[in-house]
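One structure below.
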Amino acid sequence: MSVSVAIITFNEESNIGRTLASVAWADERIVIDSGSTDRTCEIARQHGARVFQEPWKGFAAQKNSAIEKTSSEWVLSLDADEEVDSALASEIQKATNTPGAAEGYFVARKNYFLGRWIRHGGFYPDRKLRLTRHGKGRFVERAVHETMRVEGRTENLRSPLIHHAYPTLTGYIETMNRYSSLAADLARSRNEPGTSIFSFFVHVFVRPAVNFVWNYCARGGFLDGREGLLLHAYHNVYVSWKYAKSWELSRKL
């Protein structure tokens with residue numbers, strides 16, 4: 001059966017060519033761009049993708065817009081910094097041509113940080129629902145960390161996606177600053193960290209510290225070398241930022 005690939009972009013010229021080349025076997029590739037000022041759209045067209053430019057509507061809405069423009073029996077939703085290797089491509093093609101296939105498939109991700117595959121501390125297998133029958137899967141509306149849901153039975157594919165997540169510290173810190181601002185609004189809607197000084201201290205300082213000990217020590221994050229140490233340290237700074245920004249927002253109400 002035919003497979004469409006759906007991708008959203010914004011200034012992804014360093015990634016989009018690699019991603020599209022990895023799915024050259026697909027029947028259709030759809031790119032929704034939200035106003036890139038670099039060569040993203042040009043590179044995407046060079047790789048045979050159909051490129052649409054739309055104002056930014058949020059992660060879930062933007063990805064759903066890309067899915068809606070596909071025409072194949074199956075849809076593979078990718079981020080612009082992900083790559084499908086030959087093993088995963090073969091497995092996708094086999095799954096979509098198998099009678100009685102599931103309605104959706106979860107795919108593990110090999111997350112790379114500063115060029116190193118982070119295998120421990122909860123960063124692998126990091127399964128995401130990415131392959132669905134057309135019309136069966138949609139992303140749930142959230143400010144950040146959007147997730148896909150599917151109508152029907154799901155299964156896991158064995159081969160992982162390659163996720164070139166954060167090649168530089170600068171890029172990671174900038175992304176976490178942006179994501180923590182988006183997540184802060186969601187935390188505020190849940191009244192986190194609350195109004196008491198005790199709750200503020202727990203959310204902004206204790207939770208990040210506990211998360212670090214759990215993921216870096218108990219779950220083996222230390223096995224990923226310096227890169228693992230930096231990733232876990234800065235990820236928990238993100239957690240602290242999220243709740244501190246939530247508190248800051250609540251002061252303005």
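Letters for chains follow the order of the structure tokens (A, B, ...), residue numbers begin at 1 for each chain, and ligand numbers begin at 1 in the order shown.
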
Which residues of stretch 51-129 of chain A sit at most 8 Å from stretch 218-226 of chain A, using only C-alpha atoms? Give each one's shortest atom pair and distance in Å (one decimal place), in chain and ascending residue order, as CSV.
```
residue,atom,partner,partner_atom,distance
A:Ile118,CA,A:Asp224,CA,6.1
A:Arg119,CA,A:Asp224,CA,7.0
A:His120,CA,A:Gly221,CA,4.9
A:Gly121,CA,A:Gly221,CA,4.1
A:Gly122,CA,A:Arg219,CA,6.8
```

Please provide as a PDB file with N, CA and C atoms, in the first residue's frame all residues within 12 Å of A:Glu151, with the sequence filter that same-chain residues fewer than 6 positions apart are discarded (counting only C-alpha atoms).
```pdb
ATOM      1  N   ALA A 102      -2.282  -3.544  11.956  1.00  0.00           N
ATOM      2  CA  ALA A 102      -2.870  -2.673  12.972  1.00  0.00           C
ATOM      3  C   ALA A 102      -3.239  -1.326  12.359  1.00  0.00           C
ATOM      4  N   GLU A 103      -3.962  -0.509  13.135  1.00  0.00           N
ATOM      5  CA  GLU A 103      -4.328   0.828  12.656  1.00  0.00           C
ATOM      6  C   GLU A 103      -3.197   1.825  12.854  1.00  0.00           C
ATOM      7  N   GLY A 104      -2.296   1.525  13.781  1.00  0.00           N
ATOM      8  CA  GLY A 104      -1.183   2.426  14.031  1.00  0.00           C
ATOM      9  C   GLY A 104       0.006   1.682  14.600  1.00  0.00           C
ATOM     10  N   TYR A 105       1.201   2.272  14.418  1.00  0.00           N
ATOM     11  CA  TYR A 105       2.432   1.644  14.885  1.00  0.00           C
ATOM     12  C   TYR A 105       3.293   2.640  15.654  1.00  0.00           C
ATOM     13  N   LEU A 129       3.969   7.158  18.590  1.00  0.00           N
ATOM     14  CA  LEU A 129       3.037   6.717  17.562  1.00  0.00           C
ATOM     15  C   LEU A 129       3.258   7.592  16.331  1.00  0.00           C
ATOM     16  N   THR A 132       0.276   5.596  10.895  1.00  0.00           N
ATOM     17  CA  THR A 132      -1.146   5.309  11.063  1.00  0.00           C
ATOM     18  C   THR A 132      -1.830   5.189   9.707  1.00  0.00           C
ATOM     19  N   ARG A 133      -2.943   4.476   9.716  1.00  0.00           N
ATOM     20  CA  ARG A 133      -3.782   4.476   8.528  1.00  0.00           C
ATOM     21  C   ARG A 133      -4.342   5.875   8.296  1.00  0.00           C
ATOM     22  N   HIS A 134      -4.522   6.235   7.056  1.00  0.00           N
ATOM     23  CA  HIS A 134      -5.055   7.554   6.730  1.00  0.00           C
ATOM     24  C   HIS A 134      -6.435   7.742   7.359  1.00  0.00           C
ATOM     25  N   GLY A 135      -6.615   8.866   8.030  1.00  0.00           N
ATOM     26  CA  GLY A 135      -7.885   9.175   8.660  1.00  0.00           C
ATOM     27  C   GLY A 135      -8.075   8.588  10.039  1.00  0.00           C
ATOM     28  N   LYS A 136      -7.099   7.822  10.526  1.00  0.00           N
ATOM     29  CA  LYS A 136      -7.224   7.169  11.826  1.00  0.00           C
ATOM     30  C   LYS A 136      -6.416   7.857  12.933  1.00  0.00           C
ATOM     31  N   GLY A 137      -5.384   8.605  12.566  1.00  0.00           N
ATOM     32  CA  GLY A 137      -4.507   9.189  13.582  1.00  0.00           C
ATOM     33  C   GLY A 137      -4.495  10.705  13.536  1.00  0.00           C
ATOM     34  N   ARG A 138      -4.503  11.325  14.715  1.00  0.00           N
ATOM     35  CA  ARG A 138      -4.397  12.788  14.832  1.00  0.00           C
ATOM     36  C   ARG A 138      -3.610  13.137  16.077  1.00  0.00           C
ATOM     37  N   PHE A 139      -2.993  14.301  16.038  1.00  0.00           N
ATOM     38  CA  PHE A 139      -2.264  14.800  17.200  1.00  0.00           C
ATOM     39  C   PHE A 139      -3.214  15.528  18.132  1.00  0.00           C
TER      40      PHE A 139
END
```

Using only C-alpha atoms: which of A:Asn215, A:Gln93, A:Thr154, A:Ser159 has the shortest distance to A:Val107 =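 Of the candidates, the smallest distance to A:Val107 is held by A:Ser159.
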
Would you please give, as an NGL selection string, all residues of stretch 7-229 of chain A that DSSP assigns to strand (DSSP E) based on the backbone?
-> :A and (7-9 or 28-33 or 50-53 or 74-79 or 82-83 or 104-107 or 109-113 or 116-117 or 128-133 or 137-139 or 148-150 or 154-156 or 161-166)

If you run DSSP on the backbone, which residues of stretch 49-228 of chain A are alpha helix (DSSP H), as a ChimeraX atom specification?
-> /A:59-68,86-96,169-189,197-201,207-212,225-228
